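> Got a file for you: model-v9.tsv, TSV, N, CA and C atoms.
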chain	number	residue	atom	x	y	z
W	253	MET	N	-0.44	-87.30	43.34
W	253	MET	CA	0.75	-86.78	42.68
W	253	MET	C	1.99	-87.19	43.49
W	254	VAL	N	3.01	-87.62	42.84
W	254	VAL	CA	4.24	-88.06	43.49
W	254	VAL	C	4.97	-86.85	44.04
W	255	GLU	N	5.50	-86.96	45.28
W	255	GLU	CA	6.16	-85.82	45.91
W	255	GLU	C	7.44	-85.40	45.22
W	256	SER	N	8.18	-86.35	44.68
W	256	SER	CA	9.46	-86.02	44.06
W	256	SER	C	9.35	-85.84	42.55
W	257	SER	N	8.19	-85.45	42.08
W	257	SER	CA	7.99	-85.25	40.64
W	257	SER	C	8.72	-83.99	40.18
W	258	PRO	N	9.39	-84.05	39.02
W	258	PRO	CA	10.09	-82.85	38.54
W	258	PRO	C	9.16	-81.81	37.94
W	259	SER	N	7.90	-82.16	37.70
W	259	SER	CA	6.97	-81.19	37.11
W	259	SER	C	6.57	-80.16	38.16
W	260	PRO	N	6.36	-78.90	37.73
W	260	PRO	CA	6.01	-77.87	38.70
W	260	PRO	C	4.58	-78.04	39.20
W	261	ALA	N	4.30	-77.46	40.35
W	261	ALA	CA	2.95	-77.46	40.89
W	261	ALA	C	2.05	-76.65	39.96
W	262	PRO	N	0.75	-76.93	39.95
W	262	PRO	CA	-0.14	-76.19	39.04
W	262	PRO	C	-0.09	-74.68	39.26
W	263	GLU	N	0.07	-74.23	40.50
W	263	GLU	CA	0.14	-72.79	40.75
W	263	GLU	C	1.37	-72.19	40.10
W	264	ARG	N	2.48	-72.87	40.22
W	264	ARG	CA	3.71	-72.37	39.60
W	264	ARG	C	3.60	-72.35	38.09
W	265	ALA	N	2.92	-73.32	37.53
W	265	ALA	CA	2.75	-73.35	36.08
W	265	ALA	C	1.90	-72.18	35.62
W	266	ILE	N	0.86	-71.86	36.38
W	266	ILE	CA	0.00	-70.72	36.00
W	266	ILE	C	0.77	-69.42	36.12
W	267	TYR	N	1.53	-69.24	37.21
W	267	TYR	CA	2.33	-68.03	37.36
W	267	TYR	C	3.37	-67.92	36.25
W	268	GLY	N	3.97	-69.01	35.88
W	268	GLY	CA	4.95	-68.99	34.80
W	268	GLY	C	4.32	-68.63	33.47
W	269	PHE	N	3.12	-69.13	33.21
W	269	PHE	CA	2.44	-68.81	31.96
W	269	PHE	C	2.05	-67.34	31.92
W	270	ILE	N	1.57	-66.80	33.04
W	270	ILE	CA	1.21	-65.38	33.10
W	270	ILE	C	2.46	-64.52	32.92
W	271	LEU	N	3.57	-64.92	33.52
W	271	LEU	CA	4.83	-64.19	33.35
W	271	LEU	C	5.29	-64.24	31.89
W	272	PHE	N	5.13	-65.40	31.26
W	272	PHE	CA	5.48	-65.52	29.84
W	272	PHE	C	4.63	-64.60	28.99
W	273	LEU	N	3.32	-64.59	29.22
W	273	LEU	CA	2.44	-63.72	28.44
W	273	LEU	C	2.75	-62.25	28.68
W	274	GLY	N	3.03	-61.88	29.92
W	274	GLY	CA	3.36	-60.49	30.23
W	274	GLY	C	4.66	-60.05	29.57
W	275	SER	N	5.65	-60.92	29.57
W	275	SER	CA	6.93	-60.56	28.94
W	275	SER	C	6.77	-60.46	27.42
W	276	GLN	N	5.96	-61.32	26.82
W	276	GLN	CA	5.71	-61.22	25.39
W	276	GLN	C	4.97	-59.93	25.04
W	277	PHE	N	3.97	-59.58	25.86
W	277	PHE	CA	3.23	-58.35	25.65
W	277	PHE	C	4.14	-57.14	25.80
W	278	GLY	N	4.99	-57.13	26.82
W	278	GLY	CA	5.93	-56.02	27.02
W	278	GLY	C	6.91	-55.89	25.87
W	279	PHE	N	7.41	-57.01	25.37
W	279	PHE	CA	8.34	-56.95	24.24
W	279	PHE	C	7.65	-56.43	22.99
W	280	CYS	N	6.42	-56.86	22.74
W	280	CYS	CA	5.67	-56.35	21.57
W	280	CYS	C	5.41	-54.86	21.71
W	281	LEU	N	5.06	-54.40	22.90
W	281	LEU	CA	4.84	-52.97	23.14
W	281	LEU	C	6.14	-52.19	22.94
W	282	TYR	N	7.25	-52.73	23.40
W	282	TYR	CA	8.56	-52.09	23.20
W	282	TYR	C	8.88	-51.98	21.71
W	283	CYS	N	8.67	-53.06	20.95
W	283	CYS	CA	8.96	-53.03	19.52
W	283	CYS	C	8.06	-52.03	18.79
W	284	LEU	N	6.77	-51.99	19.15
W	284	LEU	CA	5.87	-51.02	18.53
W	284	LEU	C	6.33	-49.59	18.83
W	285	TRP	N	6.68	-49.32	20.09
W	285	TRP	CA	7.15	-47.99	20.46
W	285	TRP	C	8.44	-47.63	19.71
W	286	ALA	N	9.32	-48.60	19.53
W	286	ALA	CA	10.61	-48.32	18.89
W	286	ALA	C	10.47	-48.08	17.39
W	287	TYR	N	9.52	-48.76	16.72
W	287	TYR	CA	9.44	-48.68	15.26
W	287	TYR	C	8.39	-47.71	14.73
W	288	ILE	N	7.36	-47.42	15.50
W	288	ILE	CA	6.32	-46.51	15.00
W	288	ILE	C	6.83	-45.07	15.13
W	289	PRO	N	6.69	-44.28	14.06
W	289	PRO	CA	7.17	-42.88	14.11
W	289	PRO	C	6.43	-42.05	15.17
W	290	GLU	N	7.10	-41.00	15.66
W	290	GLU	CA	6.54	-40.14	16.70
W	290	GLU	C	5.24	-39.49	16.26
W	291	GLN	N	5.15	-39.10	14.99
W	291	GLN	CA	3.95	-38.42	14.50
W	291	GLN	C	2.73	-39.33	14.61
W	292	TRP	N	2.89	-40.61	14.33
W	292	TRP	CA	1.76	-41.53	14.41
W	292	TRP	C	1.30	-41.68	15.87
W	293	LEU	N	2.26	-41.76	16.77
W	293	LEU	CA	1.91	-41.87	18.18
W	293	LEU	C	1.18	-40.61	18.67
W	294	HIS	N	1.65	-39.42	18.24
W	294	HIS	CA	0.99	-38.17	18.63
W	294	HIS	C	-0.40	-38.06	18.02
W	295	SER	N	-0.60	-38.61	16.81
W	295	SER	CA	-1.91	-38.50	16.16
W	295	SER	C	-2.98	-39.33	16.86
W	296	ILE	N	-2.59	-40.40	17.55
W	296	ILE	CA	-3.58	-41.19	18.27
W	296	ILE	C	-3.65	-40.80	19.75
W	297	GLY	N	-2.94	-39.72	20.12
W	297	GLY	CA	-3.06	-39.20	21.47
W	297	GLY	C	-2.02	-39.70	22.45
W	298	LEU	N	-1.06	-40.46	22.01
W	298	LEU	CA	0.01	-40.96	22.90
W	298	LEU	C	1.19	-40.00	22.80
W	299	THR	N	1.24	-39.05	23.75
W	299	THR	CA	2.28	-38.02	23.68
W	299	THR	C	3.36	-38.18	24.73
W	300	TYR	N	3.07	-38.88	25.81
W	300	TYR	CA	4.04	-38.99	26.89
W	300	TYR	C	4.79	-40.32	26.77
W	301	TRP	N	5.79	-40.35	25.90
W	301	TRP	CA	6.64	-41.52	25.71
W	301	TRP	C	8.09	-41.07	25.80
W	302	PRO	N	8.99	-41.95	26.21
W	302	PRO	CA	10.42	-41.56	26.23
W	302	PRO	C	10.94	-41.33	24.81
W	303	GLN	N	12.06	-40.67	24.73
W	303	GLN	CA	12.67	-40.42	23.43
W	303	GLN	C	13.09	-41.75	22.79
W	304	LYS	N	13.17	-41.76	21.47
W	304	LYS	CA	13.56	-42.98	20.74
W	304	LYS	C	15.02	-43.35	21.01
W	305	TYR	N	15.80	-42.41	21.49
W	305	TYR	CA	17.19	-42.69	21.86
W	305	TYR	C	17.26	-43.86	22.84
W	306	TRP	N	16.30	-43.92	23.77
W	306	TRP	CA	16.33	-44.94	24.81
W	306	TRP	C	15.98	-46.33	24.28
W	307	ALA	N	15.41	-46.41	23.08
W	307	ALA	CA	15.11	-47.71	22.48
W	307	ALA	C	16.40	-48.48	22.19
W	308	LEU	N	17.47	-47.77	21.91
W	308	LEU	CA	18.77	-48.42	21.69
W	308	LEU	C	19.68	-48.30	22.91
W	309	ALA	N	19.54	-47.21	23.65
W	309	ALA	CA	20.47	-46.96	24.76
W	309	ALA	C	20.28	-47.97	25.90
W	310	VAL	N	19.04	-48.28	26.26
W	310	VAL	CA	18.81	-49.19	27.39
W	310	VAL	C	19.35	-50.59	27.13
W	311	PRO	N	19.07	-51.22	25.96
W	311	PRO	CA	19.68	-52.55	25.74
W	311	PRO	C	21.21	-52.52	25.71
W	312	ILE	N	21.77	-51.45	25.14
W	312	ILE	CA	23.24	-51.36	25.10
W	312	ILE	C	23.80	-51.19	26.51
W	313	TYR	N	23.16	-50.34	27.33
W	313	TYR	CA	23.60	-50.18	28.71
W	313	TYR	C	23.51	-51.49	29.48
W	314	LEU	N	22.45	-52.23	29.25
W	314	LEU	CA	22.29	-53.51	29.95
W	314	LEU	C	23.36	-54.51	29.53
W	315	LEU	N	23.67	-54.56	28.23
W	315	LEU	CA	24.72	-55.48	27.77
W	315	LEU	C	26.09	-55.09	28.30
W	316	VAL	N	26.38	-53.79	28.35
W	316	VAL	CA	27.67	-53.35	28.89
W	316	VAL	C	27.74	-53.66	30.38
W	317	ALA	N	26.65	-53.44	31.11
W	317	ALA	CA	26.63	-53.76	32.54
W	317	ALA	C	26.81	-55.25	32.77
W	318	LEU	N	26.17	-56.08	31.95
W	318	LEU	CA	26.34	-57.53	32.07
W	318	LEU	C	27.78	-57.95	31.77
W	319	THR	N	28.39	-57.35	30.76
W	319	THR	CA	29.78	-57.67	30.43
W	319	THR	C	30.72	-57.27	31.56
W	320	ILE	N	30.51	-56.09	32.13
W	320	ILE	CA	31.34	-55.65	33.25
W	320	ILE	C	31.15	-56.58	34.45
W	321	PHE	N	29.91	-57.00	34.71
W	321	PHE	CA	29.64	-57.92	35.81
W	321	PHE	C	30.36	-59.24	35.62
W	322	VAL	N	30.32	-59.79	34.41
W	322	VAL	CA	30.99	-61.08	34.15
W	322	VAL	C	32.50	-60.94	34.31
W	323	VAL	N	33.07	-59.85	33.81
W	323	VAL	CA	34.52	-59.65	33.93
W	323	VAL	C	34.92	-59.48	35.40
W	324	LEU	N	34.13	-58.70	36.16
W	324	LEU	CA	34.43	-58.53	37.58
W	324	LEU	C	34.27	-59.83	38.36
W	325	LEU	N	33.24	-60.61	38.04
W	325	LEU	CA	33.04	-61.89	38.71
W	325	LEU	C	34.21	-62.84	38.43
W	326	PHE	N	34.66	-62.86	37.18
W	326	PHE	CA	35.81	-63.69	36.83
W	326	PHE	C	37.05	-63.23	37.61
W	327	GLY	N	37.26	-61.91	37.70
W	327	GLY	CA	38.42	-61.39	38.42
W	327	GLY	C	38.37	-61.71	39.90
W	328	VAL	N	37.20	-61.57	40.52
W	328	VAL	CA	37.06	-61.88	41.95
W	328	VAL	C	37.30	-63.36	42.19
W	329	ASN	N	36.78	-64.22	41.32
W	329	ASN	CA	37.01	-65.65	41.48
W	329	ASN	C	38.48	-66.00	41.31
W	330	MET	N	39.17	-65.34	40.40
W	330	MET	CA	40.59	-65.61	40.22
W	330	MET	C	41.41	-65.15	41.42
W	331	THR	N	41.02	-64.03	42.04
W	331	THR	CA	41.77	-63.57	43.21
W	331	THR	C	41.48	-64.43	44.43
W	332	ASN	N	40.32	-65.05	44.50
W	332	ASN	CA	39.97	-65.89	45.65
W	332	ASN	C	40.44	-67.34	45.50
W	333	THR	N	40.96	-67.70	44.35
W	333	THR	CA	41.43	-69.06	44.11
W	333	THR	C	42.85	-69.20	44.64
W	334	ALA	N	43.11	-70.28	45.34
W	334	ALA	CA	44.45	-70.53	45.89
W	334	ALA	C	45.43	-70.83	44.76
W	335	PRO	N	46.69	-70.43	44.89
W	335	PRO	CA	47.68	-70.76	43.87
W	335	PRO	C	47.91	-72.27	43.80
W	336	LEU	N	48.47	-72.73	42.70
W	336	LEU	CA	48.66	-74.17	42.51
W	336	LEU	C	49.61	-74.78	43.51
W	337	SER	N	50.52	-73.98	44.08
W	337	SER	CA	51.47	-74.53	45.05
W	337	SER	C	50.91	-74.53	46.47
W	338	SER	N	49.67	-74.13	46.67
W	338	SER	CA	49.09	-74.05	48.01
W	338	SER	C	48.62	-75.41	48.50
W	339	VAL	N	48.73	-75.61	49.81
W	339	VAL	CA	48.26	-76.86	50.42
W	339	VAL	C	46.73	-76.91	50.41
W	340	ASP	N	46.08	-75.76	50.31
W	340	ASP	CA	44.62	-75.72	50.29
W	340	ASP	C	44.03	-76.44	49.08
W	341	ASN	N	44.80	-76.67	48.05
W	341	ASN	CA	44.32	-77.43	46.90
W	341	ASN	C	44.26	-78.92	47.19
W	342	ILE	N	44.97	-79.37	48.22
W	342	ILE	CA	45.00	-80.80	48.56
W	342	ILE	C	43.93	-81.14	49.58
W	343	THR	N	43.81	-80.34	50.63
W	343	THR	CA	42.84	-80.63	51.68
W	343	THR	C	42.37	-79.32	52.29
W	344	ASP	N	41.28	-79.40	53.05
W	344	ASP	CA	40.78	-78.23	53.76
W	344	ASP	C	40.19	-78.67	55.09
W	345	ILE	N	39.58	-77.77	55.80
W	345	ILE	CA	39.06	-78.09	57.13
W	345	ILE	C	37.82	-78.97	57.07
W	346	TYR	N	37.20	-79.09	55.91
W	346	TYR	CA	35.98	-79.89	55.79
W	346	TYR	C	36.25	-81.31	55.29
W	347	ALA	N	37.50	-81.67	55.07
W	347	ALA	CA	37.82	-83.00	54.56
W	347	ALA	C	37.49	-84.06	55.61
W	348	ARG	N	36.88	-85.15	55.14
W	348	ARG	CA	36.54	-86.27	56.02
W	348	ARG	C	37.12	-87.54	55.42
W	349	GLY	N	37.62	-88.37	56.30
W	349	GLY	CA	38.17	-89.64	55.83
W	349	GLY	C	37.07	-90.68	55.67
W	350	GLN	N	37.44	-91.83	55.10
W	350	GLN	CA	36.50	-92.93	54.94
W	350	GLN	C	36.23	-93.57	56.28
W	351	LYS	N	34.98	-93.85	56.56
W	351	LYS	CA	34.62	-94.56	57.79
W	351	LYS	C	34.49	-96.05	57.44
W	352	THR	N	35.33	-96.85	58.06
W	352	THR	CA	35.34	-98.27	57.72
W	352	THR	C	34.56	-99.12	58.70
W	353	GLU	N	34.19	-98.59	59.86
W	353	GLU	CA	33.53	-99.44	60.86
W	353	GLU	C	32.07	-99.73	60.52
W	354	ASP	N	31.40	-98.88	59.79
W	354	ASP	CA	29.98	-99.09	59.47
W	354	ASP	C	29.78	-99.80	58.12
W	355	ARG	N	30.85	-100.20	57.48
W	355	ARG	CA	30.74	-100.74	56.14
W	355	ARG	C	30.31	-102.20	56.16
W	356	GLN	N	29.39	-102.55	55.27
W	356	GLN	CA	28.99	-103.95	55.14
W	356	GLN	C	29.98	-104.67	54.23
W	357	LYS	N	30.13	-105.94	54.47
W	357	LYS	CA	31.07	-106.71	53.67
W	357	LYS	C	30.53	-106.81	52.24
W	358	GLY	N	31.35	-106.42	51.27
W	358	GLY	CA	30.96	-106.46	49.87
W	358	GLY	C	30.10	-105.29	49.44
W	359	GLY	N	29.82	-104.35	50.34
W	359	GLY	CA	28.98	-103.19	50.02
W	359	GLY	C	29.80	-102.05	49.44
W	360	ILE	N	29.10	-101.08	48.95
W	360	ILE	CA	29.74	-99.89	48.41
W	360	ILE	C	30.12	-98.98	49.57
W	361	PRO	N	31.37	-98.50	49.62
W	361	PRO	CA	31.76	-97.63	50.73
W	361	PRO	C	31.06	-96.27	50.64
W	362	ARG	N	30.93	-95.61	51.79
W	362	ARG	CA	30.33	-94.28	51.83
W	362	ARG	C	31.22	-93.28	51.11
W	363	LEU	N	30.60	-92.20	50.68
W	363	LEU	CA	31.33	-91.14	50.02
W	363	LEU	C	32.17	-90.39	51.03
W	364	GLY	N	33.41	-90.15	50.69
W	364	GLY	CA	34.31	-89.44	51.59
W	364	GLY	C	35.59	-89.08	50.87
W	365	ASP	N	36.39	-88.23	51.49
W	365	ASP	CA	37.65	-87.82	50.90
W	365	ASP	C	38.72	-88.87	51.15
W	366	VAL	N	39.61	-89.02	50.19
W	366	VAL	CA	40.75	-89.92	50.34
W	366	VAL	C	41.96	-89.05	50.63
W	367	SER	N	42.66	-89.35	51.69
W	367	SER	CA	43.81	-88.51	52.06
W	367	SER	C	44.92	-88.65	51.04
W	368	ILE	N	45.77	-87.64	50.98
W	368	ILE	CA	46.85	-87.62	50.00
W	368	ILE	C	47.86	-88.73	50.27
W	369	SER	N	48.02	-89.14	51.52
W	369	SER	CA	48.96	-90.22	51.81
W	369	SER	C	48.44	-91.56	51.26
W	370	GLU	N	47.11	-91.78	51.34
W	370	GLU	CA	46.55	-93.01	50.75
W	370	GLU	C	46.68	-93.00	49.24
W	371	VAL	N	46.47	-91.86	48.62
W	371	VAL	CA	46.62	-91.75	47.16
W	371	VAL	C	48.06	-92.04	46.76
W	372	ASN	N	49.01	-91.49	47.49
W	372	ASN	CA	50.41	-91.73	47.18
W	372	ASN	C	50.79	-93.19	47.36
W	373	LYS	N	50.25	-93.86	48.39
W	373	LYS	CA	50.52	-95.28	48.58
W	373	LYS	C	50.03	-96.10	47.40
W	374	VAL	N	48.84	-95.79	46.93
W	374	VAL	CA	48.25	-96.59	45.84
W	374	VAL	C	48.97	-96.32	44.52
W	375	PHE	N	49.29	-95.08	44.24
W	375	PHE	CA	49.87	-94.75	42.93
W	375	PHE	C	51.38	-94.93	42.86
W	376	TYR	N	52.09	-94.63	43.92
W	376	TYR	CA	53.53	-94.53	43.80
W	376	TYR	C	54.31	-95.61	44.53
W	377	LEU	N	53.72	-96.33	45.45
W	377	LEU	CA	54.45	-97.40	46.12
W	377	LEU	C	54.16	-98.71	45.40
W	378	SER	N	55.16	-99.27	44.86
W	378	SER	CA	54.99	-100.50	44.11
W	378	SER	C	54.86	-101.69	45.05
W	379	SER	N	54.02	-102.62	44.71
W	379	SER	CA	53.86	-103.81	45.55
W	379	SER	C	55.00	-104.80	45.33
W	380	LYS	N	55.83	-104.57	44.33
W	380	LYS	CA	56.94	-105.47	44.03
W	380	LYS	C	58.15	-105.20	44.92
W	381	LEU	N	58.15	-104.12	45.68
W	381	LEU	CA	59.31	-103.80	46.52
W	381	LEU	C	59.46	-104.72	47.69
As structure tokens, what does this structure read like?

Amino acid sequence: MVESSPSPAPERAIYGFILFLGSQFGFCLYCLWAYIPEQWLHSIGLTYWPQKYWALAVPIYLLVALTIFVVLLFGVNMTNTAPLSSVDNITDIYARGQKTEDRQKGGIPRLGDVSISEVNKVFYLSSKL
């Protein structure tokens, strides 16, 4: 088997299939509990079940919690983003310049940041001057 294969290992595939079957079984059990009347459940001896209120309340609570989480995450990201006039949008402490000494002639240059002064030279300084 190739080491860089995108397919999962056989163990992971088995665990995923078992998880899929378990989630399908749980969803079917949830639907049966939600739709079968209480009297039918009591007649077959199943008396200790949550109230039917929770069949709707739990999904609604989960959706509201997810919505609040997304809104809060968006707000935190907006407060942590630098304003457009900030120098941090141009460069940061991790910026690296192009290394030209290791480059082969005619080869593709290494990946690196281009400084703002080099960008300005290329875009705004005309060669006709």
> In Å to one decimal, how far is atom CA of W:Asn332 from atom CA of W:Val366?
24.5 Å
> At what distance in Å, to one decimal, does atom C of W:Phe272 lie from atom CA of W:Ala317?
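A separation of 24.8 Å between them.
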> Please report, as JSON, the centre and edge lengths in Å to one decimal of an axis-aligned box covering all listed atoms of stretch 290-305 of chain W with 8 Å per side.

{"center_x": 6.8, "center_y": -40.9, "center_z": 20.6, "size_x": 36.9, "size_y": 21.8, "size_z": 28.6}
> In Å, how far is it from atom CA of W:Phe375 to atom CA of W:Leu336?
20.6 Å
> Between W:Phe326, W:Leu314, W:Leu308, W:Ile345, which has the minimum distance to W:Ala286 (counting only N, CA and C atoms)?
W:Leu308
> Enumerate, as an MDAnalysis selection string, the complete set of residues in chain W that a backbone-based DSSP assignment places in alpha helix (DSSP H).
chainID W and resid 262:287 290:295 305:332 368:376
> Just checking: using only C-alpha atoms, which residue out of W:Lys304, W:Phe277, W:Tyr267, W:Ile368 ends up closest to W:Ile342?
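The answer is W:Ile368, which sits nearest to W:Ile342.
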> Hey, which of W:Ala307, W:Ser257, W:Gly359, W:Ser367 ends up closest to W:Tyr282? Count all atoms listed in the file.
W:Ala307
